[in-house]
Amino acid sequence: MTLLAAATAVRDRAYAPYSRFKVGAAIRGVGGEVHVGCNVENVAYPEGTCAEAGAIAAMIAAGETRIAEVCVIADSPDPVPPCGGCRQKIAEFAAQDVRVTLCTTDGKQKVMTVADLLPGVFTAAHMDRT
(Lines give C-alpha, C1' and ligand atoms only; values in the text may rest on other atoms or scores of the structure.)
Protein backbone atom coordinates (compact mmCIF):
# COMPACT_ATOMS: atom_id res chain seq x y z
CA MET A 1 0.00 0.00 0.00
CA THR A 2 1.33 3.44 -0.87
CA LEU A 3 1.61 6.15 1.77
CA LEU A 4 -1.11 8.12 0.01
CA ALA A 5 -3.48 5.13 0.02
CA ALA A 6 -2.76 4.49 3.71
CA ALA A 7 -3.31 8.16 4.63
CA THR A 8 -6.50 8.28 2.56
CA ALA A 9 -7.91 5.16 4.22
CA VAL A 10 -7.19 6.32 7.76
CA ARG A 11 -8.58 9.81 7.01
CA ASP A 12 -12.01 8.23 6.63
CA ARG A 13 -11.78 7.07 10.25
CA ALA A 14 -10.98 10.52 11.68
CA TYR A 15 -13.20 11.73 14.51
CA ALA A 16 -14.04 15.30 13.54
CA PRO A 17 -17.67 15.99 14.55
CA TYR A 18 -17.01 19.67 15.35
CA SER A 19 -14.91 20.95 12.45
CA ARG A 20 -15.80 18.12 10.02
CA PHE A 21 -12.21 18.61 8.76
CA LYS A 22 -10.80 15.09 8.52
CA VAL A 23 -7.05 14.60 8.15
CA GLY A 24 -5.09 11.41 7.56
CA ALA A 25 -1.35 10.88 7.90
CA ALA A 26 0.91 7.99 7.00
CA ILE A 27 4.56 7.64 7.96
CA ARG A 28 7.04 5.15 6.61
CA GLY A 29 9.68 4.30 9.16
CA VAL A 30 13.24 3.59 8.09
CA GLY A 31 12.48 -0.10 8.63
CA GLY A 32 9.83 0.08 5.88
CA GLU A 33 6.67 -0.27 7.98
CA VAL A 34 3.81 2.17 7.44
CA HIS A 35 2.18 3.80 10.48
CA VAL A 36 -1.03 5.80 10.24
CA GLY A 37 -2.94 8.37 12.26
CA CYS A 38 -6.03 10.53 11.94
CA ASN A 39 -7.19 13.61 13.75
CA VAL A 40 -9.32 13.04 16.84
CA GLU A 41 -11.31 16.04 18.05
CA ASN A 42 -12.68 16.70 21.50
CA VAL A 43 -15.41 19.10 22.54
CA ALA A 44 -12.69 20.82 24.62
CA TYR A 45 -10.78 21.85 21.47
CA PRO A 46 -7.22 21.94 22.86
CA GLU A 47 -7.58 18.29 23.85
CA GLY A 48 -7.81 17.00 20.28
CA THR A 49 -4.92 15.31 18.51
CA CYS A 50 -3.56 15.79 15.02
CA ALA A 51 -3.23 13.05 12.42
CA GLU A 52 0.54 13.48 12.25
CA ALA A 53 0.92 13.11 16.01
CA GLY A 54 -1.21 9.97 15.91
CA ALA A 55 0.93 8.44 13.17
CA ILE A 56 4.12 9.27 15.10
CA ALA A 57 2.67 7.69 18.24
CA ALA A 58 1.78 4.54 16.27
CA MET A 59 5.32 4.44 14.87
CA ILE A 60 6.86 4.72 18.34
CA ALA A 61 4.44 2.10 19.72
CA ALA A 62 5.60 -0.26 16.96
CA GLY A 63 9.23 0.17 18.04
CA GLU A 64 10.41 2.47 15.24
CA THR A 65 12.05 5.81 16.01
CA ARG A 66 13.09 7.21 12.62
CA ILE A 67 10.88 8.58 9.86
CA ALA A 68 11.78 7.90 6.21
CA GLU A 69 8.78 9.60 4.56
CA VAL A 70 5.51 11.36 5.45
CA CYS A 71 2.19 11.82 3.62
CA VAL A 72 -0.72 13.96 4.84
CA ILE A 73 -4.14 14.30 3.17
CA ALA A 74 -7.14 16.52 3.83
CA ASP A 75 -10.24 17.69 1.97
CA SER A 76 -9.04 21.22 1.25
CA PRO A 77 -8.66 23.43 -1.83
CA ASP A 78 -4.87 23.33 -1.39
CA PRO A 79 -2.52 20.87 0.32
CA VAL A 80 -2.58 21.45 4.09
CA PRO A 81 0.74 21.57 5.93
CA PRO A 82 1.11 20.16 9.45
CA CYS A 83 0.55 22.60 12.31
CA GLY A 84 3.62 24.05 14.03
CA GLY A 85 3.59 21.50 16.83
CA CYS A 86 3.42 18.59 14.40
CA ARG A 87 6.23 20.07 12.33
CA GLN A 88 8.41 19.98 15.43
CA LYS A 89 7.25 16.43 16.24
CA ILE A 90 8.11 15.27 12.71
CA ALA A 91 11.53 16.94 12.96
CA GLU A 92 12.21 15.06 16.21
CA PHE A 93 12.19 11.76 14.32
CA ALA A 94 13.16 12.72 10.74
CA ALA A 95 16.27 13.98 9.01
CA GLN A 96 16.02 17.42 7.43
CA ASP A 97 15.95 15.93 3.90
CA VAL A 98 13.01 13.58 4.57
CA ARG A 99 10.24 13.97 1.99
CA VAL A 100 6.83 15.23 3.15
CA THR A 101 3.98 14.96 0.63
CA LEU A 102 0.91 17.09 1.30
CA CYS A 103 -2.24 16.06 -0.59
CA THR A 104 -5.84 17.04 -1.16
CA THR A 105 -8.71 14.65 -1.73
CA ASP A 106 -9.07 16.01 -5.26
CA GLY A 107 -5.53 15.07 -6.27
CA LYS A 108 -3.38 18.14 -5.65
CA GLN A 109 0.03 17.43 -4.16
CA LYS A 110 2.89 19.47 -2.78
CA VAL A 111 6.21 17.81 -1.98
CA MET A 112 8.48 19.39 0.60
CA THR A 113 11.27 18.35 2.95
CA VAL A 114 11.28 18.56 6.72
CA ALA A 115 13.73 21.46 6.37
CA ASP A 116 11.22 23.27 4.12
CA LEU A 117 8.45 22.72 6.69
CA LEU A 118 10.46 23.89 9.68
CA PRO A 119 13.43 26.11 8.95
CA GLY A 120 15.43 26.89 12.06
CA VAL A 121 14.24 23.71 13.78
CA PHE A 122 14.77 23.50 17.54
CA THR A 123 17.00 20.51 18.33
CA ALA A 124 18.63 18.90 21.34
CA ALA A 125 21.83 20.71 20.34
CA HIS A 126 20.21 23.95 21.47
CA MET A 127 20.22 22.62 25.03
CA ASP A 128 23.93 21.71 25.01
CA ARG A 129 26.10 23.83 27.27
CA THR A 130 29.62 24.59 26.15
# chains A, B, ... in the order shown; residues from 1 in each chain; ligands from 1
>>> residues_around(residues="range 23-40 of chain A", least_positions_apart="6", cutoff="8 Å", atoms="only C-alpha atoms", output="ChimeraX atom specification")
/A:3-4,6-16,48-56,58-59,64-75
>>> write_last_selection(atoms="N, CA and C atoms", output="mmCIF file, in the first residue's frame")
data_model
loop_
_atom_site.group_PDB
_atom_site.id
_atom_site.type_symbol
_atom_site.label_atom_id
_atom_site.label_comp_id
_atom_site.auth_asym_id
_atom_site.auth_seq_id
_atom_site.Cartn_x
_atom_site.Cartn_y
_atom_site.Cartn_z
ATOM 1 N N LEU A 3 1.881 5.242 0.653
ATOM 2 C CA LEU A 3 1.610 6.148 1.773
ATOM 3 C C LEU A 3 0.328 6.935 1.538
ATOM 4 N N LEU A 4 0.111 7.368 0.310
ATOM 5 C CA LEU A 4 -1.109 8.115 0.011
ATOM 6 C C LEU A 4 -2.352 7.257 0.240
ATOM 7 N N ALA A 6 -2.638 4.715 2.262
ATOM 8 C CA ALA A 6 -2.762 4.494 3.711
ATOM 9 C C ALA A 6 -3.321 5.738 4.403
ATOM 10 N N ALA A 7 -2.829 6.906 4.028
ATOM 11 C CA ALA A 7 -3.311 8.158 4.626
ATOM 12 C C ALA A 7 -4.768 8.411 4.250
ATOM 13 N N THR A 8 -5.123 8.099 3.027
ATOM 14 C CA THR A 8 -6.498 8.279 2.565
ATOM 15 C C THR A 8 -7.449 7.369 3.332
ATOM 16 N N ALA A 9 -7.059 6.115 3.504
ATOM 17 C CA ALA A 9 -7.913 5.158 4.215
ATOM 18 C C ALA A 9 -8.119 5.554 5.666
ATOM 19 N N VAL A 10 -7.061 5.971 6.337
ATOM 20 C CA VAL A 10 -7.195 6.323 7.756
ATOM 21 C C VAL A 10 -7.932 7.653 7.925
ATOM 22 N N ARG A 11 -7.852 8.533 6.957
ATOM 23 C CA ARG A 11 -8.576 9.809 7.012
ATOM 24 C C ARG A 11 -10.077 9.571 7.183
ATOM 25 N N ASP A 12 -10.580 8.546 6.527
ATOM 26 C CA ASP A 12 -12.012 8.227 6.628
ATOM 27 C C ASP A 12 -12.429 7.855 8.050
ATOM 28 N N ARG A 13 -11.475 7.460 8.874
ATOM 29 C CA ARG A 13 -11.783 7.066 10.254
ATOM 30 C C ARG A 13 -11.562 8.196 11.258
ATOM 31 N N ALA A 14 -11.187 9.385 10.780
ATOM 32 C CA ALA A 14 -10.978 10.524 11.679
ATOM 33 C C ALA A 14 -12.256 10.824 12.454
ATOM 34 N N TYR A 15 -12.069 11.320 13.673
ATOM 35 C CA TYR A 15 -13.196 11.727 14.511
ATOM 36 C C TYR A 15 -13.193 13.246 14.541
ATOM 37 N N ALA A 16 -14.026 13.847 13.688
ATOM 38 C CA ALA A 16 -14.040 15.301 13.544
ATOM 39 C C ALA A 16 -15.481 15.828 13.508
ATOM 40 N N GLY A 48 -7.855 17.844 21.468
ATOM 41 C CA GLY A 48 -7.812 17.001 20.284
ATOM 42 C C GLY A 48 -6.386 16.652 19.911
ATOM 43 N N THR A 49 -6.250 15.686 18.997
ATOM 44 C CA THR A 49 -4.922 15.309 18.512
ATOM 45 C C THR A 49 -4.893 15.366 16.993
ATOM 46 N N CYS A 50 -3.752 15.697 16.465
ATOM 47 C CA CYS A 50 -3.558 15.794 15.025
ATOM 48 C C CYS A 50 -3.236 14.425 14.426
ATOM 49 N N ALA A 51 -3.517 14.288 13.138
ATOM 50 C CA ALA A 51 -3.235 13.046 12.424
ATOM 51 C C ALA A 51 -1.741 12.705 12.459
ATOM 52 N N GLU A 52 -0.901 13.722 12.270
ATOM 53 C CA GLU A 52 0.541 13.483 12.246
ATOM 54 C C GLU A 52 1.035 12.970 13.593
ATOM 55 N N ALA A 53 0.519 13.558 14.669
ATOM 56 C CA ALA A 53 0.917 13.113 16.011
ATOM 57 C C ALA A 53 0.472 11.678 16.256
ATOM 58 N N GLY A 54 -0.726 11.335 15.764
ATOM 59 C CA GLY A 54 -1.213 9.966 15.910
ATOM 60 C C GLY A 54 -0.348 8.965 15.162
ATOM 61 N N ALA A 55 0.073 9.330 13.955
ATOM 62 C CA ALA A 55 0.934 8.442 13.167
ATOM 63 C C ALA A 55 2.304 8.281 13.835
ATOM 64 N N ILE A 56 2.830 9.356 14.389
ATOM 65 C CA ILE A 56 4.117 9.270 15.097
ATOM 66 C C ILE A 56 3.977 8.383 16.326
ATOM 67 N N ALA A 58 1.883 5.930 16.745
ATOM 68 C CA ALA A 58 1.778 4.542 16.269
ATOM 69 C C ALA A 58 3.155 4.001 15.881
ATOM 70 N N MET A 59 3.972 4.844 15.259
ATOM 71 C CA MET A 59 5.324 4.435 14.874
ATOM 72 C C MET A 59 6.155 4.092 16.110
ATOM 73 N N GLU A 64 9.607 1.704 16.205
ATOM 74 C CA GLU A 64 10.411 2.469 15.243
ATOM 75 C C GLU A 64 10.622 3.874 15.790
ATOM 76 N N THR A 65 11.785 4.460 15.515
ATOM 77 C CA THR A 65 12.052 5.813 16.014
ATOM 78 C C THR A 65 12.530 6.780 14.936
ATOM 79 N N ARG A 66 12.615 6.331 13.686
ATOM 80 C CA ARG A 66 13.092 7.215 12.621
ATOM 81 C C ARG A 66 12.106 7.209 11.463
ATOM 82 N N ILE A 67 11.797 8.402 10.970
ATOM 83 C CA ILE A 67 10.878 8.583 9.857
ATOM 84 C C ILE A 67 11.657 8.639 8.546
ATOM 85 N N ALA A 68 11.182 7.867 7.542
ATOM 86 C CA ALA A 68 11.782 7.897 6.210
ATOM 87 C C ALA A 68 10.973 8.755 5.245
ATOM 88 N N GLU A 69 9.644 8.837 5.465
ATOM 89 C CA GLU A 69 8.778 9.597 4.561
ATOM 90 C C GLU A 69 7.442 9.850 5.237
ATOM 91 N N VAL A 70 6.795 10.966 4.865
ATOM 92 C CA VAL A 70 5.509 11.362 5.452
ATOM 93 C C VAL A 70 4.535 11.727 4.332
ATOM 94 N N CYS A 71 3.254 11.387 4.530
ATOM 95 C CA CYS A 71 2.194 11.816 3.621
ATOM 96 C C CYS A 71 0.998 12.253 4.458
ATOM 97 N N VAL A 72 0.438 13.415 4.125
ATOM 98 C CA VAL A 72 -0.722 13.958 4.840
ATOM 99 C C VAL A 72 -1.787 14.312 3.808
ATOM 100 N N ILE A 73 -3.049 13.976 4.099
ATOM 101 C CA ILE A 73 -4.140 14.299 3.173
ATOM 102 C C ILE A 73 -5.325 14.900 3.919
ATOM 103 N N ALA A 74 -5.944 15.886 3.277
ATOM 104 C CA ALA A 74 -7.141 16.521 3.831
ATOM 105 C C ALA A 74 -8.025 16.982 2.676
ATOM 106 N N ASP A 75 -9.299 17.178 2.959
ATOM 107 C CA ASP A 75 -10.240 17.694 1.971
ATOM 108 C C ASP A 75 -10.184 19.216 2.036
#
>>> residues_around(residues="range 76-91 of chain A", least_positions_apart="2", cutoff="6 Å", atoms="only C-alpha atoms", output="list in words")
Ala74, Phe93, Ala94, Leu102, Cys103 and Thr104 of chain A
>>> select_by_dssp(residues="chain A", states="strand (DSSP E or B)", output="count of residues only")
39
>>> closest_atom_pairs(of="range 27-100 of chain A", to="range 108-124 of chain A", cutoff="6 Å", atoms="only C-alpha atoms", output="tab-separated table")
residue	atom	partner	partner_atom	distance
A:Gln96	CA	A:Ala115	CA	4.8
A:Asp97	CA	A:Thr113	CA	5.4
A:Val98	CA	A:Thr113	CA	5.3
A:Arg99	CA	A:Thr113	CA	4.6
A:Val100	CA	A:Met112	CA	5.1
>>> atom_distance(atom1="CA of Thr105 in chain A", atom2="CA of Thr2 in chain A")
15.1 Å
